[in-house]
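Chemist: For reference, this is entry_6.pdb, and it has PDB, C-alpha atoms.
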```pdb
ATOM      1  CA  GLY V 193      71.177 141.262  99.263
ATOM      2  CA  ALA V 194      69.782 144.318  97.554
ATOM      3  CA  VAL V 195      68.401 143.708  94.107
ATOM      4  CA  VAL V 196      67.461 146.142  91.387
ATOM      5  CA  SER V 197      65.353 144.830  88.550
ATOM      6  CA  GLN V 198      65.217 146.486  85.158
ATOM      7  CA  HIS V 199      62.691 145.742  82.440
ATOM      8  CA  PRO V 200      62.735 145.092  79.549
ATOM      9  CA  SER V 201      66.244 143.811  78.994
ATOM     10  CA  TRP V 202      66.130 144.364  75.231
ATOM     11  CA  VAL V 203      63.934 146.483  72.997
ATOM     12  CA  ILE V 204      63.934 146.766  69.230
ATOM     13  CA  CYS V 205      61.518 149.238  67.723
ATOM     14  CA  LYS V 206      60.965 151.562  64.834
ATOM     15  CA  SER V 207      62.097 155.161  64.682
ATOM     16  CA  GLY V 208      59.534 157.517  66.197
ATOM     17  CA  THR V 209      58.334 155.066  68.833
ATOM     18  CA  SER V 210      58.380 155.967  72.515
ATOM     19  CA  VAL V 211      59.918 153.369  74.803
ATOM     20  CA  LYS V 212      59.454 153.031  78.546
ATOM     21  CA  ILE V 213      62.037 151.328  80.737
ATOM     22  CA  GLU V 214      61.264 150.344  84.309
ATOM     23  CA  CYS V 215      63.641 150.155  87.243
ATOM     24  CA  ARG V 216      62.477 148.528  90.451
ATOM     25  CA  SER V 217      64.147 148.058  93.791
ATOM     26  CA  LEU V 218      63.037 144.638  94.984
ATOM     27  CA  ASP V 219      63.947 144.466  98.649
ATOM     28  CA  PHE V 220      64.513 148.028  99.756
ATOM     29  CA  GLN V 221      63.008 151.465  99.361
ATOM     30  CA  ALA V 222      64.966 153.540  96.889
ATOM     31  CA  THR V 223      64.563 157.210  97.600
ATOM     32  CA  THR V 224      67.150 158.033  94.962
ATOM     33  CA  MET V 225      67.542 156.441  91.564
ATOM     34  CA  PHE V 226      69.968 157.169  88.785
ATOM     35  CA  TRP V 227      69.774 156.608  85.060
ATOM     36  CA  TYR V 228      72.893 156.028  83.016
ATOM     37  CA  ARG V 229      73.681 155.512  79.383
ATOM     38  CA  GLN V 230      76.556 153.358  78.214
ATOM     39  CA  PHE V 231      78.128 152.942  74.792
ATOM     40  CA  PRO V 232      79.998 149.742  73.863
ATOM     41  CA  LYS V 233      83.193 149.216  75.832
ATOM     42  CA  GLN V 234      82.828 152.574  77.516
ATOM     43  CA  SER V 235      82.043 153.734  81.004
ATOM     44  CA  LEU V 236      78.696 154.836  82.344
ATOM     45  CA  MET V 237      77.430 158.327  81.632
ATOM     46  CA  LEU V 238      74.995 159.733  84.166
ATOM     47  CA  MET V 239      71.861 161.061  82.530
ATOM     48  CA  ALA V 240      69.754 162.089  85.481
ATOM     49  CA  THR V 241      69.086 161.742  89.174
ATOM     50  CA  SER V 242      65.599 161.292  90.491
ATOM     51  CA  ASN V 243      64.315 161.534  94.032
ATOM     52  CA  GLU V 244      61.020 159.999  94.921
ATOM     53  CA  GLY V 245      58.239 162.555  94.794
ATOM     54  CA  SER V 246      60.206 165.322  93.109
ATOM     55  CA  LYS V 247      61.438 166.234  89.655
ATOM     56  CA  ALA V 248      64.478 164.572  88.209
ATOM     57  CA  THR V 249      67.742 166.473  87.928
ATOM     58  CA  TYR V 250      69.227 166.128  84.473
ATOM     59  CA  GLU V 251      72.888 166.287  83.603
ATOM     60  CA  GLN V 252      74.125 168.917  81.199
ATOM     61  CA  GLY V 253      73.356 168.028  77.619
ATOM     62  CA  VAL V 254      70.568 165.576  78.417
ATOM     63  CA  GLU V 255      67.215 166.653  77.007
ATOM     64  CA  LYS V 256      64.588 166.346  79.698
ATOM     65  CA  ASP V 257      61.755 166.366  77.159
ATOM     66  CA  LYS V 258      63.435 163.545  75.285
ATOM     67  CA  PHE V 259      64.175 161.390  78.307
ATOM     68  CA  LEU V 260      61.218 161.561  80.672
ATOM     69  CA  ILE V 261      61.923 160.272  84.153
ATOM     70  CA  ASN V 262      59.296 159.492  86.735
ATOM     71  CA  HIS V 263      59.980 158.289  90.284
ATOM     72  CA  ALA V 264      56.498 158.149  91.704
ATOM     73  CA  SER V 265      57.090 155.481  94.333
ATOM     74  CA  LEU V 266      59.897 154.285  96.556
ATOM     75  CA  THR V 267      60.358 151.140  94.498
ATOM     76  CA  LEU V 268      59.847 152.245  90.899
ATOM     77  CA  SER V 269      61.431 154.691  88.510
ATOM     78  CA  THR V 270      60.722 154.834  84.800
ATOM     79  CA  LEU V 271      62.659 156.283  81.898
ATOM     80  CA  THR V 272      60.698 157.016  78.745
ATOM     81  CA  VAL V 273      62.629 157.692  75.566
ATOM     82  CA  THR V 274      60.200 159.750  73.542
ATOM     83  CA  SER V 275      60.103 159.610  69.750
ATOM     84  CA  ALA V 276      63.215 157.489  69.697
ATOM     85  CA  HIS V 277      65.640 157.689  66.788
ATOM     86  CA  PRO V 278      68.612 155.499  65.816
ATOM     87  CA  GLU V 279      71.017 157.798  67.671
ATOM     88  CA  ASP V 280      69.154 156.943  70.879
ATOM     89  CA  SER V 281      70.211 153.316  70.516
ATOM     90  CA  SER V 282      72.306 152.465  73.543
ATOM     91  CA  PHE V 283      72.523 150.468  76.749
ATOM     92  CA  TYR V 284      70.529 152.162  79.513
ATOM     93  CA  ILE V 285      71.199 151.226  83.125
ATOM     94  CA  CYS V 286      69.512 152.312  86.322
ATOM     95  CA  SER V 287      70.799 152.231  89.844
ATOM     96  CA  ALA V 288      69.290 152.822  93.223
ATOM     97  CA  GLY V 289      70.536 154.157  96.507
ATOM     98  CA  LYS V 290      68.936 153.727  99.886
ATOM     99  CA  ASP V 291      68.742 157.253 101.239
ATOM    100  CA  ARG V 292      68.444 160.861 100.139
ATOM    101  CA  GLN V 293      72.200 161.231  99.922
ATOM    102  CA  GLY V 294      71.750 158.384  97.742
ATOM    103  CA  VAL V 295      74.661 156.556  96.724
ATOM    104  CA  GLN V 296      76.601 154.434  99.108
ATOM    105  CA  PRO V 297      76.668 152.052  97.514
ATOM    106  CA  GLN V 298      74.640 152.133  94.315
ATOM    107  CA  HIS V 299      73.016 148.919  93.188
ATOM    108  CA  PHE V 300      72.604 148.490  89.446
ATOM    109  CA  GLY V 301      69.991 146.857  87.300
ATOM    110  CA  ASP V 302      70.998 144.557  84.461
ATOM    111  CA  GLY V 303      70.441 147.229  81.858
ATOM    112  CA  THR V 304      68.189 147.636  78.847
ATOM    113  CA  ARG V 305      69.584 147.416  75.362
ATOM    114  CA  LEU V 306      67.616 149.755  73.123
ATOM    115  CA  SER V 307      67.901 149.363  69.367
ATOM    116  CA  ILE V 308      66.047 151.821  67.167
ATOM    117  CA  LEU V 309      65.676 150.833  63.531
TER     118      LEU V 309
ATOM    119  CA  THR K 237      88.484 166.253  81.339
ATOM    120  CA  GLN K 238      87.863 163.031  83.202
ATOM    121  CA  LEU K 239      87.421 163.740  86.893
ATOM    122  CA  LEU K 240      88.496 160.210  87.770
ATOM    123  CA  GLU K 241      91.348 158.907  85.654
ATOM    124  CA  GLN K 242      91.387 155.139  85.329
ATOM    125  CA  SER K 243      94.255 153.161  83.833
ATOM    126  CA  PRO K 244      95.015 151.089  81.948
ATOM    127  CA  GLN K 245      92.083 151.215  79.561
ATOM    128  CA  PHE K 246      92.731 147.737  78.242
ATOM    129  CA  LEU K 247      94.730 144.845  79.619
ATOM    130  CA  SER K 248      95.261 141.439  78.068
ATOM    131  CA  ILE K 249      97.223 138.972  80.167
ATOM    132  CA  GLN K 250      97.854 135.275  80.590
ATOM    133  CA  GLU K 251      96.194 133.197  83.248
ATOM    134  CA  GLY K 252      98.200 133.278  86.456
ATOM    135  CA  GLU K 253      99.628 136.767  86.018
ATOM    136  CA  ASN K 254      99.092 139.622  88.445
ATOM    137  CA  LEU K 255      97.704 143.016  87.508
ATOM    138  CA  THR K 256      96.850 146.379  89.031
ATOM    139  CA  VAL K 257      94.250 148.912  87.925
ATOM    140  CA  TYR K 258      94.563 152.495  89.100
ATOM    141  CA  CYS K 259      92.076 155.298  89.620
ATOM    142  CA  ASN K 260      93.373 158.780  90.325
ATOM    143  CA  SER K 261      91.814 162.151  90.893
ATOM    144  CA  SER K 262      92.614 165.593  92.202
ATOM    145  CA  SER K 263      89.291 165.516  94.039
ATOM    146  CA  VAL K 264      88.588 164.024  97.432
ATOM    147  CA  PHE K 265      85.912 161.348  97.584
ATOM    148  CA  SER K 266      83.802 160.395 100.561
ATOM    149  CA  SER K 267      83.969 156.808  99.328
ATOM    150  CA  LEU K 268      84.981 154.858  96.276
ATOM    151  CA  GLN K 269      83.327 151.851  94.728
ATOM    152  CA  TRP K 270      84.735 149.219  92.402
ATOM    153  CA  TYR K 271      82.416 147.415  90.012
ATOM    154  CA  ARG K 272      82.812 144.587  87.521
ATOM    155  CA  GLN K 273      80.609 144.442  84.467
ATOM    156  CA  GLU K 274      80.114 141.696  81.898
ATOM    157  CA  PRO K 275      78.726 142.350  78.396
ATOM    158  CA  GLY K 276      74.987 142.901  78.370
ATOM    159  CA  GLU K 277      74.728 143.116  82.138
ATOM    160  CA  GLY K 278      74.752 145.834  84.747
ATOM    161  CA  PRO K 279      77.782 146.585  86.938
ATOM    162  CA  VAL K 280      78.135 144.409  89.998
ATOM    163  CA  LEU K 281      79.520 145.979  93.135
ATOM    164  CA  LEU K 282      82.791 144.427  94.277
ATOM    165  CA  VAL K 283      83.710 146.667  97.180
ATOM    166  CA  THR K 284      83.247 150.048  98.804
ATOM    167  CA  VAL K 285      86.168 151.764 100.508
ATOM    168  CA  VAL K 286      85.498 154.662 102.805
ATOM    169  CA  THR K 287      88.480 155.383 105.035
ATOM    170  CA  GLY K 288      91.746 156.869 103.777
ATOM    171  CA  GLY K 289      94.395 154.147 103.665
ATOM    172  CA  GLU K 290      91.809 151.399 103.840
ATOM    173  CA  VAL K 291      92.667 148.022 102.318
ATOM    174  CA  LYS K 292      90.026 145.410 101.563
ATOM    175  CA  LYS K 293      90.501 141.929 100.213
ATOM    176  CA  LEU K 294      88.045 139.843  98.257
ATOM    177  CA  LYS K 295      89.671 136.469  97.547
ATOM    178  CA  ARG K 296      92.373 137.258  94.959
ATOM    179  CA  LEU K 297      91.353 140.912  94.686
ATOM    180  CA  THR K 298      92.907 143.600  96.880
ATOM    181  CA  PHE K 299      91.464 147.100  96.962
ATOM    182  CA  GLN K 300      93.226 150.097  98.408
ATOM    183  CA  PHE K 301      91.978 153.628  99.079
ATOM    184  CA  GLY K 302      94.618 156.344  99.144
ATOM    185  CA  ASP K 303      95.401 158.126 102.388
ATOM    186  CA  ALA K 304      94.017 161.378 101.000
ATOM    187  CA  ARG K 305      90.947 159.640  99.539
ATOM    188  CA  LYS K 306      91.839 160.846  96.053
ATOM    189  CA  ASP K 307      92.980 157.586  94.513
ATOM    190  CA  SER K 308      92.426 153.866  94.624
ATOM    191  CA  SER K 309      93.840 150.677  93.198
ATOM    192  CA  LEU K 310      92.627 147.193  92.438
ATOM    193  CA  HIS K 311      95.183 144.406  92.427
ATOM    194  CA  ILE K 312      94.350 140.947  91.139
ATOM    195  CA  THR K 313      96.642 138.076  92.012
ATOM    196  CA  ALA K 314      96.926 135.028  89.749
ATOM    197  CA  ALA K 315      94.269 136.197  87.312
ATOM    198  CA  GLN K 316      91.814 133.645  85.985
ATOM    199  CA  PRO K 317      89.801 133.662  82.730
ATOM    200  CA  GLY K 318      86.736 134.210  84.877
ATOM    201  CA  ASP K 319      88.155 137.602  85.887
ATOM    202  CA  THR K 320      87.631 138.840  82.341
ATOM    203  CA  GLY K 321      85.340 141.852  82.213
ATOM    204  CA  LEU K 322      85.065 145.607  82.456
ATOM    205  CA  TYR K 323      86.240 147.014  85.777
ATOM    206  CA  LEU K 324      84.917 150.390  86.832
ATOM    207  CA  CYS K 325      85.906 152.618  89.688
ATOM    208  CA  ALA K 326      83.412 155.189  90.894
ATOM    209  CA  GLY K 327      83.942 157.914  93.449
ATOM    210  CA  ALA K 328      81.269 159.552  95.550
ATOM    211  CA  MET K 329      81.839 163.282  95.755
ATOM    212  CA  GLU K 330      82.054 164.740  99.228
ATOM    213  CA  TYR K 331      79.226 167.103  98.456
ATOM    214  CA  GLY K 332      76.228 166.028  96.455
ATOM    215  CA  ASN K 333      74.937 162.587  95.750
ATOM    216  CA  LYS K 334      76.396 161.547  92.423
ATOM    217  CA  LEU K 335      78.971 158.944  91.540
ATOM    218  CA  VAL K 336      81.832 159.869  89.240
ATOM    219  CA  PHE K 337      82.921 156.956  87.104
ATOM    220  CA  GLY K 338      86.321 156.207  85.687
ATOM    221  CA  ALA K 339      86.581 155.349  82.006
ATOM    222  CA  GLY K 340      86.834 151.649  82.799
ATOM    223  CA  THR K 341      89.440 148.945  82.289
ATOM    224  CA  ILE K 342      88.708 146.084  79.923
ATOM    225  CA  LEU K 343      90.498 143.036  81.274
ATOM    226  CA  ARG K 344      90.983 139.911  79.224
ATOM    227  CA  VAL K 345      92.611 136.901  80.836
ATOM    228  CA  LYS K 346      93.698 134.240  78.379
ATOM    229  CA  SER K 347      94.017 130.595  79.353
TER     230      SER K 347
END
```
Output the file's structure as structure tokens, nothing else.
Modeler:
Amino acid sequence: GAVVSQHPSWVICKSGTSVKIECRSLDFQATTMFWYRQFPKQSLMLMATSNEGSKATYEQGVEKDKFLINHASLTLSTLTVTSAHPEDSSFYICSAGKDRQGVQPQHFGDGTRLSIL
Amino acid sequence: TQLLEQSPQFLSIQEGENLTVYCNSSSVFSSLQWYRQEPGEGPVLLVTVVTGGEVKKLKRLTFQFGDARKDSSLHITAAQPGDTGLYLCAGAMEYGNKLVFGAGTILRVKS
């Protein structure tokens, strides 16, 4: 079946560091990818939608200069948390859809736990 | 305001009991997905329902999509400790390409 791989699974770093998270679709071309943030025991909060070859669409309240998203190929999207601070600590999850309308159904990576000291 | 209301938020039951999780909205969805998530992992797709009134079964899990495609339910029969986890419903809006997630239901099944 479809598999989405996310790397790394856990990052601990100092405040001010930039952290890049990768999301790869392993057996299908993902024209649309989504990045979510999740706090403990809560639901997923959509951060942004990216379509291969075009700029990401950010949800209201999400700083695009803080969370840089790049979807340069049909199998890879990256999320870079720039100058991370403790309040950026969270569980980040990506998902991928197979076509431009994107979503049916979404396949999720295993998430990246980001801890900023 | 949550676009997709999911209830209950937390459920703790004994092994062997039945339970139902509900997701309700005033919006119409083109489809609705149910996911199960364990701590430290990503959500795993359980089912997608597309047609109003559709019922799908996955072993002891029964999923139903409302006739008007505004609501859905997940019923688990004879719950097992292995069913423990966070259950999420997510609706695909008719226009646009985003999923709207419910707040989630934390299920704990005690042996």
Chemist: Distance table requested - chain K against chain V, cut-off 6 Å, all atoms listed in the file: one row per qualifying residue with the closest atom pair and its distance in Å to one decimal, ordered by chain and rising residue number, as JSON lines.
Modeler:
```
{"residue": "K:Glu277", "atom": "CA", "partner": "V:Asp302", "partner_atom": "CA", "distance": 4.6}
{"residue": "K:Gly278", "atom": "CA", "partner": "V:Asp302", "partner_atom": "CA", "distance": 4.0}
{"residue": "K:Asn333", "atom": "CA", "partner": "V:Gln293", "partner_atom": "CA", "distance": 5.2}
{"residue": "K:Ala339", "atom": "CA", "partner": "V:Ser235", "partner_atom": "CA", "distance": 4.9}
{"residue": "K:Gly340", "atom": "CA", "partner": "V:Ser235", "partner_atom": "CA", "distance": 5.5}
```
Chemist: May I have the residues from that selection written out with C-alpha atoms, as a PDB file, keeping the file's coordinate frame?
Modeler:
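Once everything was written out, this is result_23.pdb:
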```pdb
ATOM      1  CA  GLU K 277      74.728 143.116  82.138  1.00  0.00           C
ATOM      2  CA  GLY K 278      74.752 145.834  84.747  1.00  0.00           C
ATOM      3  CA  ASN K 333      74.937 162.587  95.750  1.00  0.00           C
ATOM      4  CA  ALA K 339      86.581 155.349  82.006  1.00  0.00           C
ATOM      5  CA  GLY K 340      86.834 151.649  82.799  1.00  0.00           C
TER       6      GLY K 340
END
```
Chemist: Quick one: distance from CA of Asp319 in chain K to CA of Leu343 in chain K in Å, one decimal?
Modeler: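 Separating CA of Asp319 in chain K from CA of Leu343 in chain K is a distance of 7.5 Å.
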Chemist: Hey, which of K:Trp270, K:Ile342, K:Gly289, K:Phe337 ends up closest to Leu239 in chain K? Count all atoms listed in the file.
Modeler: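 Using all atoms listed in the file, the shortest distance to Leu239 in chain K belongs to K:Phe337.
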Chemist: Got a sec to resolve the PyMOL selection byres ((chain K and resi 255-267) around 8) on this structure and send the residues as a PyMOL selection string?
Modeler: (chain V and resi 296) or (chain K and resi 239-244+253-254+268-269+284-287+304-313+315+325+327-330+338+341)
Chemist: Between CA of Thr209 in chain V and CA of Leu309 in chain V, what distance in Å does the model show, to one decimal?
Modeler: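 Those two atoms sit 10.0 Å apart.
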Chemist: Neighbours of Val273 in chain V within 12 Å (only C-alpha atoms; same-chain residues fewer than 4 positions away dropped), as a VMD selection string?
Modeler: chain V and resid 203 205 207 to 214 227 229 254 to 262 277 to 282 284 304 306 to 308
Chemist: Could you pull range 193-292 of chain V out of the structure just shown and give C-alpha atoms as a PDB file, in the first residue's frame?
Modeler:
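Contents of decode27.pdb, freshly written:
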```
ATOM      1  CA  GLY V 193       0.000   0.000   0.000  1.00  0.00           C
ATOM      2  CA  ALA V 194       0.910   3.657  -0.083  1.00  0.00           C
ATOM      3  CA  VAL V 195       3.648   4.657   2.297  1.00  0.00           C
ATOM      4  CA  VAL V 196       4.758   8.071   3.446  1.00  0.00           C
ATOM      5  CA  SER V 197       8.106   8.310   5.162  1.00  0.00           C
ATOM      6  CA  GLN V 198       9.031  11.154   7.470  1.00  0.00           C
ATOM      7  CA  HIS V 199      12.514  11.927   8.730  1.00  0.00           C
ATOM      8  CA  PRO V 200      13.815  12.454  11.341  1.00  0.00           C
ATOM      9  CA  SER V 201      11.406  10.961  13.837  1.00  0.00           C
ATOM     10  CA  TRP V 202      12.806  12.944  16.767  1.00  0.00           C
ATOM     11  CA  VAL V 203      14.909  16.078  16.995  1.00  0.00           C
ATOM     12  CA  ILE V 204      16.298  17.799  20.058  1.00  0.00           C
ATOM     13  CA  CYS V 205      18.195  21.006  19.478  1.00  0.00           C
ATOM     14  CA  LYS V 206      19.072  24.325  20.984  1.00  0.00           C
ATOM     15  CA  SER V 207      17.017  27.476  20.663  1.00  0.00           C
ATOM     16  CA  GLY V 208      17.893  29.425  17.525  1.00  0.00           C
ATOM     17  CA  THR V 209      18.670  26.362  15.426  1.00  0.00           C
ATOM     18  CA  SER V 210      16.902  25.741  12.130  1.00  0.00           C
ATOM     19  CA  VAL V 211      15.497  22.253  11.674  1.00  0.00           C
ATOM     20  CA  LYS V 212      14.536  20.564   8.424  1.00  0.00           C
ATOM     21  CA  ILE V 213      11.983  17.764   8.302  1.00  0.00           C
ATOM     22  CA  GLU V 214      11.560  15.602   5.224  1.00  0.00           C
ATOM     23  CA  CYS V 215       8.416  13.920   3.968  1.00  0.00           C
ATOM     24  CA  ARG V 216       8.677  11.377   1.184  1.00  0.00           C
ATOM     25  CA  SER V 217       6.073   9.392  -0.672  1.00  0.00           C
ATOM     26  CA  LEU V 218       7.645   5.995  -1.258  1.00  0.00           C
ATOM     27  CA  ASP V 219       5.475   4.273  -3.831  1.00  0.00           C
ATOM     28  CA  PHE V 220       3.427   6.989  -5.461  1.00  0.00           C
ATOM     29  CA  GLN V 221       3.797  10.498  -6.798  1.00  0.00           C
ATOM     30  CA  ALA V 222       2.419  13.039  -4.369  1.00  0.00           C
ATOM     31  CA  THR V 223       1.330  16.158  -6.164  1.00  0.00           C
ATOM     32  CA  THR V 224      -0.131  17.529  -2.952  1.00  0.00           C
ATOM     33  CA  MET V 225       1.366  17.343   0.507  1.00  0.00           C
ATOM     34  CA  PHE V 226       0.130  18.707   3.786  1.00  0.00           C
ATOM     35  CA  TRP V 227       1.935  19.676   6.953  1.00  0.00           C
ATOM     36  CA  TYR V 228       0.226  19.458  10.309  1.00  0.00           C
ATOM     37  CA  ARG V 229       1.132  20.279  13.858  1.00  0.00           C
ATOM     38  CA  GLN V 230      -0.213  18.330  16.801  1.00  0.00           C
ATOM     39  CA  PHE V 231      -0.097  19.038  20.521  1.00  0.00           C
ATOM     40  CA  PRO V 232      -0.338  16.202  23.071  1.00  0.00           C
ATOM     41  CA  LYS V 233      -3.704  14.462  23.104  1.00  0.00           C
ATOM     42  CA  GLN V 234      -5.110  16.914  20.603  1.00  0.00           C
ATOM     43  CA  SER V 235      -6.166  16.734  17.000  1.00  0.00           C
ATOM     44  CA  LEU V 236      -4.148  17.734  13.976  1.00  0.00           C
ATOM     45  CA  MET V 237      -3.877  21.378  13.004  1.00  0.00           C
ATOM     46  CA  LEU V 238      -3.212  22.049   9.339  1.00  0.00           C
ATOM     47  CA  MET V 239      -0.281  24.378   8.837  1.00  0.00           C
ATOM     48  CA  ALA V 240       0.057  24.492   5.085  1.00  0.00           C
ATOM     49  CA  THR V 241      -0.704  22.845   1.782  1.00  0.00           C
ATOM     50  CA  SER V 242       1.933  22.468  -0.862  1.00  0.00           C
ATOM     51  CA  ASN V 243       1.577  21.510  -4.497  1.00  0.00           C
ATOM     52  CA  GLU V 244       4.561  20.283  -6.394  1.00  0.00           C
ATOM     53  CA  GLY V 245       6.205  23.086  -8.322  1.00  0.00           C
ATOM     54  CA  SER V 246       4.293  25.948  -6.736  1.00  0.00           C
ATOM     55  CA  LYS V 247       4.295  27.928  -3.517  1.00  0.00           C
ATOM     56  CA  ALA V 248       2.761  26.508  -0.398  1.00  0.00           C
ATOM     57  CA  THR V 249      -0.550  27.836   0.876  1.00  0.00           C
ATOM     58  CA  TYR V 250      -0.368  28.634   4.563  1.00  0.00           C
ATOM     59  CA  GLU V 251      -3.240  28.547   6.998  1.00  0.00           C
ATOM     60  CA  GLN V 252      -4.197  31.677   8.872  1.00  0.00           C
ATOM     61  CA  GLY V 253      -1.848  32.382  11.732  1.00  0.00           C
ATOM     62  CA  VAL V 254       1.023  30.278  10.406  1.00  0.00           C
ATOM     63  CA  GLU V 255       4.132  32.325   9.680  1.00  0.00           C
ATOM     64  CA  LYS V 256       5.443  31.409   6.263  1.00  0.00           C
ATOM     65  CA  ASP V 257       8.881  32.855   7.018  1.00  0.00           C
ATOM     66  CA  LYS V 258       9.055  30.760  10.160  1.00  0.00           C
ATOM     67  CA  PHE V 259       7.911  27.514   8.586  1.00  0.00           C
ATOM     68  CA  LEU V 260       9.484  27.209   5.152  1.00  0.00           C
ATOM     69  CA  ILE V 261       7.918  24.576   2.942  1.00  0.00           C
ATOM     70  CA  ASN V 262       9.420  23.273  -0.254  1.00  0.00           C
ATOM     71  CA  HIS V 263       7.818  20.695  -2.556  1.00  0.00           C
ATOM     72  CA  ALA V 264      10.313  20.557  -5.368  1.00  0.00           C
ATOM     73  CA  SER V 265       9.613  17.019  -6.544  1.00  0.00           C
ATOM     74  CA  LEU V 266       6.694  14.633  -6.724  1.00  0.00           C
ATOM     75  CA  THR V 267       8.096  12.505  -3.923  1.00  0.00           C
ATOM     76  CA  LEU V 268       9.600  14.987  -1.471  1.00  0.00           C
ATOM     77  CA  SER V 269       8.396  17.891   0.607  1.00  0.00           C
ATOM     78  CA  THR V 270      10.419  19.573   3.321  1.00  0.00           C
ATOM     79  CA  LEU V 271       9.426  21.715   6.271  1.00  0.00           C
ATOM     80  CA  THR V 272      12.125  23.912   7.758  1.00  0.00           C
ATOM     81  CA  VAL V 273      11.489  25.462  11.148  1.00  0.00           C
ATOM     82  CA  THR V 274      13.732  28.495  11.106  1.00  0.00           C
ATOM     83  CA  SER V 275      15.348  29.857  14.260  1.00  0.00           C
ATOM     84  CA  ALA V 276      13.349  27.467  16.378  1.00  0.00           C
ATOM     85  CA  HIS V 277      12.332  28.402  19.910  1.00  0.00           C
ATOM     86  CA  PRO V 278      10.836  26.329  22.744  1.00  0.00           C
ATOM     87  CA  GLU V 279       7.305  27.322  21.718  1.00  0.00           C
ATOM     88  CA  ASP V 280       7.927  25.588  18.386  1.00  0.00           C
ATOM     89  CA  SER V 281       8.302  22.271  20.192  1.00  0.00           C
ATOM     90  CA  SER V 282       5.573  19.996  18.905  1.00  0.00           C
ATOM     91  CA  PHE V 283       4.759  16.903  16.885  1.00  0.00           C
ATOM     92  CA  TYR V 284       4.863  17.677  13.161  1.00  0.00           C
ATOM     93  CA  ILE V 285       3.163  15.318  10.727  1.00  0.00           C
ATOM     94  CA  CYS V 286       3.024  15.324   6.955  1.00  0.00           C
ATOM     95  CA  SER V 287       0.556  13.681   4.657  1.00  0.00           C
ATOM     96  CA  ALA V 288       0.348  13.140   0.955  1.00  0.00           C
ATOM     97  CA  GLY V 289      -2.438  12.882  -1.553  1.00  0.00           C
ATOM     98  CA  LYS V 290      -2.245  11.427  -5.018  1.00  0.00           C
ATOM     99  CA  ASP V 291      -3.722  14.133  -7.208  1.00  0.00           C
ATOM    100  CA  ARG V 292      -4.172  17.883  -7.425  1.00  0.00           C
TER     101      ARG V 292
END
```
